[in-house]
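The structure under discussion appears below in the form of structure tokens.
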Amino acid sequence: MSATAPLAPAQAAARPAPVLVRCLRQALYETRSILGNGEQLIVSIALPLMAMIGLTWLDLLDGFASSRINAAAPGVLALCVVSVAFTGQGIQTGFDRQYGVLRSLATTPLGRGGLIAGKGLAVLVVVCVQVLVIGLVAALLGWTPVASGWPAAALMLLLGSIAFTSLGLLIAGTLRPQATLAVTNLVWVLLAAVGGLLLPLSKLPGLLGTAATLLPSSALGEGMRAALIHGRIDPTSLLVLAVWSVLGTAAAVRWFRWE
């Protein structure tokens, strides 16, 4: 008799799906949750649209590009990433902990890494939707990005999604849901106003501008402007965002709590 007899049907059925399949299934669930949540869509799409339209009316970005919309759109796309990856995922995951959803997931083979990967993939899908919607509206307003800068912009969006998803999950996995709600919303406002997302670092005064250079928000904003206004990669922004992506992911995997 062979020492490696085939598994019985019941045993074979009990085996967990491959890691990639588990992550993709979780990503599909997370994507449906985001796109089916009206509040998240407001934060992810409606508020960035309002910010973009407002910046085309004000003179805050005059002189940074050939038109106000050309100067505003890259930063708004960066704001979209922070909205869905950091604020949206942070709040949703925080309340999933409170209502016991994560406790149920902890009993499955998904694991911390699978949960984070699934959420990260869902964020990337939603970011693609945001780029299409924001890009269409911006085009109607006269946006003419430098075409050669799109590969660099795509790389910045990818790294930004990883960095801010991991940071959002780190907060949601360590703080109480109510604290997560307050922190992620407050940080979103601060990053949008003085974190280098919508306004170039040169618009920030003195020490504030210097300190902001180390933030993932300014790296994402400056990197997007370099790509879509000037058609180039900003190496400093790329390095800062890559470091935040690695450190944020490692911290989220290490300290994320299911309950």
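Each chain of the structure tokens is named A, B, ... in the order shown, its residues numbered from 1; ligands are numbered from 1 in display order.
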Would you kindly return, as a VMD selection string, each protein, DNA or RNA residue with an atom no farther than 8 Å from any atom of region 180-187 of chain A, considering only C-alpha atoms and excluding same-chain residues fewer than 4 positions away?
-> chain A and resid 86 to 87 90 to 91 94 168 171 to 172 175 to 176 191
Pull N, CA, C and O atoms from the residues just selected and write them as a compact mmCIF listing (two decimals), in the first residue's frame.
# COMPACT_ATOMS: atom_id res chain seq x y z
N PHE A 86 -6.48 55.48 2.77
CA PHE A 86 -6.23 55.80 4.18
C PHE A 86 -7.54 56.01 4.94
O PHE A 86 -7.87 55.23 5.83
N THR A 87 -8.29 57.02 4.57
CA THR A 87 -9.51 57.34 5.32
C THR A 87 -10.58 56.27 5.14
O THR A 87 -11.14 55.76 6.11
N GLY A 90 -9.39 52.82 6.50
CA GLY A 90 -9.22 52.92 7.95
C GLY A 90 -10.55 52.86 8.68
O GLY A 90 -10.73 52.08 9.63
N ILE A 91 -11.52 53.67 8.22
CA ILE A 91 -12.82 53.71 8.88
C ILE A 91 -13.56 52.39 8.71
O ILE A 91 -14.11 51.83 9.67
N GLY A 94 -11.92 49.70 10.82
CA GLY A 94 -12.14 49.95 12.24
C GLY A 94 -13.50 49.47 12.70
O GLY A 94 -13.63 48.83 13.75
N GLY A 168 -3.52 53.21 6.92
CA GLY A 168 -4.92 53.18 7.36
C GLY A 168 -5.24 51.92 8.15
O GLY A 168 -5.92 51.98 9.18
N ILE A 171 -3.68 52.02 11.72
CA ILE A 171 -4.48 52.80 12.67
C ILE A 171 -5.74 52.02 13.04
O ILE A 171 -6.10 51.90 14.21
N ALA A 172 -6.43 51.46 12.02
CA ALA A 172 -7.67 50.73 12.29
C ALA A 172 -7.43 49.47 13.11
O ALA A 172 -8.31 49.03 13.85
N LEU A 175 -6.26 51.13 17.05
CA LEU A 175 -7.09 52.06 17.82
C LEU A 175 -8.54 51.60 17.86
O LEU A 175 -8.96 50.76 17.06
N ARG A 176 -9.30 52.17 18.78
CA ARG A 176 -10.74 51.91 18.82
C ARG A 176 -11.41 52.52 17.58
O ARG A 176 -10.91 53.49 17.02
N LEU A 191 -3.59 66.71 5.70
CA LEU A 191 -2.77 66.37 4.54
C LEU A 191 -3.24 67.12 3.30
O LEU A 191 -2.44 67.54 2.47
Closest to Val133 (chain A) among A:Pro205, A:Pro48, A:Pro235, A:Pro145, using only C-alpha atoms?
->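 Ranking A:Pro205, A:Pro48, A:Pro235, A:Pro145 by distance to Val133 (chain A), first place goes to A:Pro48.
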Non-local contacts of Thr31 (chain A) (8 Å; only C-alpha atoms; under 3 positions in same chain excluded) as a list of chain:residue names |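 Residues meeting the cut-off are A:Ala27, A:Leu28, A:Ile34, A:Leu35, A:Ala122, A:Val123, A:Val125, A:Val126.
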Go ahead and save the residues from that selection, with N, CA and C atoms, as a short mmCIF file (atom, residue, chain, number, x, y, z; two decimals), in the first residue's frame.
data_model
loop_
_atom_site.label_atom_id
_atom_site.label_comp_id
_atom_site.auth_asym_id
_atom_site.auth_seq_id
_atom_site.Cartn_x
_atom_site.Cartn_y
_atom_site.Cartn_z
N ALA A 27 -10.35 40.68 -2.23
CA ALA A 27 -10.29 41.94 -2.97
C ALA A 27 -11.63 42.24 -3.64
N LEU A 28 -12.28 41.20 -4.20
CA LEU A 28 -13.58 41.38 -4.84
C LEU A 28 -14.62 41.81 -3.82
N ILE A 34 -16.72 48.94 -1.08
CA ILE A 34 -16.38 50.35 -1.28
C ILE A 34 -17.33 51.00 -2.28
N LEU A 35 -17.50 50.35 -3.43
CA LEU A 35 -18.32 50.94 -4.49
C LEU A 35 -19.81 50.95 -4.15
N ALA A 122 -8.16 45.90 -3.69
CA ALA A 122 -9.43 46.61 -3.84
C ALA A 122 -9.19 48.11 -3.98
N VAL A 123 -8.26 48.63 -3.21
CA VAL A 123 -7.93 50.06 -3.31
C VAL A 123 -7.43 50.39 -4.72
N VAL A 125 -8.18 48.92 -7.52
CA VAL A 125 -9.31 48.92 -8.45
C VAL A 125 -10.08 50.23 -8.33
N VAL A 126 -10.35 50.67 -7.10
CA VAL A 126 -11.11 51.90 -6.89
C VAL A 126 -10.30 53.11 -7.37
#
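The space separating CA of Trp188 (chain A) from CA of Arg112 (chain A) comes to 24.9 Å.
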Quick one: of A:Arg232, A:Ala139, A:Ala192, A:Met52, who's nearest to Val76 (chain A), counting only C-alpha atoms?
->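 Closest candidate: A:Met52.
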CA of Gly206 (chain A) to CA of Met50 (chain A): how many Å, to one decimal?
->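 Distance reported for this atom pair: 28.2 Å.
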Taking into account only C-alpha atoms, which residue in the set A:Gly149, A:Gly100, A:Gly54, A:Gly120 is nearest to Ser245 (chain A)?
->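 Of the candidates, the smallest distance to Ser245 (chain A) is held by A:Gly120.
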In Å, rounded to a single decimal, give me how far CA of Met156 (chain A) is from CA of Gln26 (chain A).
->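 Atom-to-atom, CA of Gln26 (chain A) to CA of Met156 (chain A), that is 24.1 Å.
Residue nearest Ala73 (chain A), chosen from A:Trp57, A:Trp143, A:Phe164, A:Trp255 and counting only C-alpha atoms: A:Trp143.
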Shell around region 246-249 of chain A at 10 Å using only C-alpha atoms, local window under 3 positions removed, as a PDB file with N, CA and C atoms, in the first residue's frame:
ATOM      1  N   GLY A 113      -1.737  38.887   6.340  1.00  0.00           N
ATOM      2  CA  GLY A 113      -1.177  39.210   5.034  1.00  0.00           C
ATOM      3  C   GLY A 113      -2.218  39.149   3.932  1.00  0.00           C
ATOM      4  N   ILE A 116      -4.628  42.215   4.267  1.00  0.00           N
ATOM      5  CA  ILE A 116      -3.997  43.443   3.809  1.00  0.00           C
ATOM      6  C   ILE A 116      -3.842  43.436   2.288  1.00  0.00           C
ATOM      7  N   ALA A 117      -3.458  42.283   1.724  1.00  0.00           N
ATOM      8  CA  ALA A 117      -3.313  42.187   0.271  1.00  0.00           C
ATOM      9  C   ALA A 117      -4.656  42.375  -0.427  1.00  0.00           C
ATOM     10  N   LEU A 159       2.497  53.070  -5.518  1.00  0.00           N
ATOM     11  CA  LEU A 159       3.208  53.181  -4.236  1.00  0.00           C
ATOM     12  C   LEU A 159       2.362  53.931  -3.209  1.00  0.00           C
ATOM     13  N   ILE A 162      -0.244  51.584  -1.769  1.00  0.00           N
ATOM     14  CA  ILE A 162       0.342  50.649  -0.805  1.00  0.00           C
ATOM     15  C   ILE A 162       0.625  51.346   0.512  1.00  0.00           C
ATOM     16  N   ALA A 163       1.264  52.520   0.435  1.00  0.00           N
ATOM     17  CA  ALA A 163       1.654  53.237   1.650  1.00  0.00           C
ATOM     18  C   ALA A 163       0.434  53.625   2.485  1.00  0.00           C
ATOM     19  N   PHE A 164      -0.561  54.233   1.856  1.00  0.00           N
ATOM     20  CA  PHE A 164      -1.693  54.750   2.626  1.00  0.00           C
ATOM     21  C   PHE A 164      -2.668  53.650   3.043  1.00  0.00           C
ATOM     22  N   THR A 165      -2.765  52.579   2.276  1.00  0.00           N
ATOM     23  CA  THR A 165      -3.584  51.449   2.737  1.00  0.00           C
ATOM     24  C   THR A 165      -2.974  50.839   3.993  1.00  0.00           C
ATOM     25  N   SER A 166      -1.676  50.644   3.981  1.00  0.00           N
ATOM     26  CA  SER A 166      -1.019  50.052   5.148  1.00  0.00           C
ATOM     27  C   SER A 166      -1.138  50.957   6.367  1.00  0.00           C
ATOM     28  N   LEU A 167      -1.007  52.272   6.169  1.00  0.00           N
ATOM     29  CA  LEU A 167      -1.119  53.201   7.298  1.00  0.00           C
ATOM     30  C   LEU A 167      -2.549  53.246   7.829  1.00  0.00           C
ATOM     31  N   GLY A 168      -3.523  53.210   6.922  1.00  0.00           N
ATOM     32  CA  GLY A 168      -4.916  53.179   7.360  1.00  0.00           C
ATOM     33  C   GLY A 168      -5.238  51.925   8.149  1.00  0.00           C
ATOM     34  N   LEU A 169      -4.729  50.783   7.683  1.00  0.00           N
ATOM     35  CA  LEU A 169      -4.963  49.521   8.398  1.00  0.00           C
ATOM     36  C   LEU A 169      -4.211  49.484   9.722  1.00  0.00           C
ATOM     37  N   LEU A 170      -3.039  50.099   9.763  1.00  0.00           N
ATOM     38  CA  LEU A 170      -2.291  50.153  11.026  1.00  0.00           C
ATOM     39  C   LEU A 170      -3.090  50.900  12.084  1.00  0.00           C
ATOM     40  N   LEU A 241       8.285  57.740  -0.857  1.00  0.00           N
ATOM     41  CA  LEU A 241       7.048  56.949  -0.915  1.00  0.00           C
ATOM     42  C   LEU A 241       7.342  55.453  -0.830  1.00  0.00           C
ATOM     43  N   ALA A 242       8.443  55.020  -1.436  1.00  0.00           N
ATOM     44  CA  ALA A 242       8.825  53.605  -1.363  1.00  0.00           C
ATOM     45  C   ALA A 242       9.156  53.209   0.074  1.00  0.00           C
ATOM     46  N   VAL A 243       9.861  54.073   0.796  1.00  0.00           N
ATOM     47  CA  VAL A 243      10.208  53.789   2.185  1.00  0.00           C
ATOM     48  C   VAL A 243       8.945  53.689   3.035  1.00  0.00           C
ATOM     49  N   ALA A 252       1.890  47.273   9.630  1.00  0.00           N
ATOM     50  CA  ALA A 252       0.507  46.787   9.627  1.00  0.00           C
ATOM     51  C   ALA A 252       0.456  45.278   9.827  1.00  0.00           C
ATOM     52  N   VAL A 253       1.343  44.547   9.155  1.00  0.00           N
ATOM     53  CA  VAL A 253       1.377  43.088   9.309  1.00  0.00           C
ATOM     54  C   VAL A 253       1.771  42.710  10.734  1.00  0.00           C
ATOM     55  N   ARG A 254       2.675  43.493  11.314  1.00  0.00           N
ATOM     56  CA  ARG A 254       3.183  43.169  12.657  1.00  0.00           C
ATOM     57  C   ARG A 254       2.183  43.497  13.760  1.00  0.00           C
TER      58      ARG A 254
END
Enumerate the residues of region 114-228 of chain A with a DSSP assignment of helix (DSSP H, G or I), computed from the backbone, and present them as a ChimeraX atom specification.
-> /A:114-140,147-172,177-194,201-203,206-212,216-228
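Near Leu41 (chain A), within a cut-off of 12 Å and counting only C-alpha atoms, sit the residues A:Thr31, A:Arg32, A:Ser33, A:Ile34, A:Leu35, A:Gly36, A:Asn37, A:Gly38, A:Glu39, A:Val43, A:Ser44, A:Ile45, A:Ala46, A:Leu47, A:Pro48, A:Leu49, A:Cys80, A:Ser83, A:Val84, A:Thr87, A:Gly88, A:Gln89, A:Val126, A:Val127, A:Val129, A:Gln130, A:Val133, with same-chain residues fewer than 2 positions away left out.
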Near-Ser218 (chain A) list (7 Å; only C-alpha atoms; drop same-chain fewer than 3 positions) as a list in words |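 With the cut-off at 7 Å, the set is Gly195, Gly196, Leu197, Ala212, Thr213, Leu215, Gly221 and Glu222 of chain A.
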Okay, now the selection with all heavy atoms, as a JSON list (two decimals), in the first residue's frame?
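Contents of selection-v6.json, as written:
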[["chain", "number", "residue", "atom", "x", "y", "z"],
["A", 195, "GLY", "N", -0.27, 69.17, 3.71],
["A", 195, "GLY", "CA", 0.56, 67.98, 3.60],
["A", 195, "GLY", "C", 1.20, 67.78, 2.26],
["A", 195, "GLY", "O", 1.79, 66.72, 2.00],
["A", 196, "GLY", "N", 1.11, 68.78, 1.37],
["A", 196, "GLY", "CA", 1.74, 68.66, 0.07],
["A", 196, "GLY", "C", 0.93, 67.92, -0.96],
["A", 196, "GLY", "O", 1.44, 67.62, -2.04],
["A", 197, "LEU", "N", -0.33, 67.61, -0.66],
["A", 197, "LEU", "CA", -1.17, 66.92, -1.64],
["A", 197, "LEU", "C", -1.68, 67.88, -2.71],
["A", 197, "LEU", "O", -1.34, 67.74, -3.89],
["A", 197, "LEU", "CB", -2.36, 66.24, -0.95],
["A", 197, "LEU", "CG", -2.10, 64.92, -0.24],
["A", 197, "LEU", "CD1", -3.34, 64.48, 0.50],
["A", 197, "LEU", "CD2", -1.68, 63.84, -1.24],
["A", 212, "ALA", "N", 7.34, 68.80, 5.75],
["A", 212, "ALA", "CA", 6.40, 68.09, 4.90],
["A", 212, "ALA", "C", 7.09, 67.25, 3.83],
["A", 212, "ALA", "O", 6.50, 66.32, 3.28],
["A", 212, "ALA", "CB", 5.43, 69.06, 4.23],
["A", 213, "THR", "N", 8.35, 67.55, 3.54],
["A", 213, "THR", "CA", 9.06, 66.78, 2.51],
["A", 213, "THR", "C", 9.22, 65.31, 2.89],
["A", 213, "THR", "O", 9.42, 64.47, 2.01],
["A", 213, "THR", "CB", 10.46, 67.37, 2.25],
["A", 213, "THR", "OG1", 11.22, 67.36, 3.47],
["A", 213, "THR", "CG2", 10.36, 68.80, 1.74],
["A", 215, "LEU", "N", 6.86, 63.54, 4.42],
["A", 215, "LEU", "CA", 5.55, 62.91, 4.51],
["A", 215, "LEU", "C", 5.23, 62.13, 3.23],
["A", 215, "LEU", "O", 5.60, 62.55, 2.13],
["A", 215, "LEU", "CB", 4.46, 63.96, 4.74],
["A", 215, "LEU", "CG", 4.51, 64.74, 6.04],
["A", 215, "LEU", "CD1", 3.42, 65.80, 6.05],
["A", 215, "LEU", "CD2", 4.36, 63.82, 7.23],
["A", 221, "GLY", "N", 2.02, 63.82, -3.80],
["A", 221, "GLY", "CA", 1.60, 65.02, -4.52],
["A", 221, "GLY", "C", 2.68, 65.56, -5.43],
["A", 221, "GLY", "O", 2.43, 65.87, -6.61],
["A", 222, "GLU", "N", 3.91, 65.68, -4.92],
["A", 222, "GLU", "CA", 5.00, 66.20, -5.74],
["A", 222, "GLU", "C", 5.34, 65.26, -6.88],
["A", 222, "GLU", "O", 5.65, 65.68, -8.00],
["A", 222, "GLU", "CB", 6.24, 66.42, -4.87],
["A", 222, "GLU", "CG", 6.09, 67.53, -3.83],
["A", 222, "GLU", "CD", 5.97, 68.90, -4.48],
["A", 222, "GLU", "OE1", 6.93, 69.35, -5.13],
["A", 222, "GLU", "OE2", 4.90, 69.52, -4.31]]
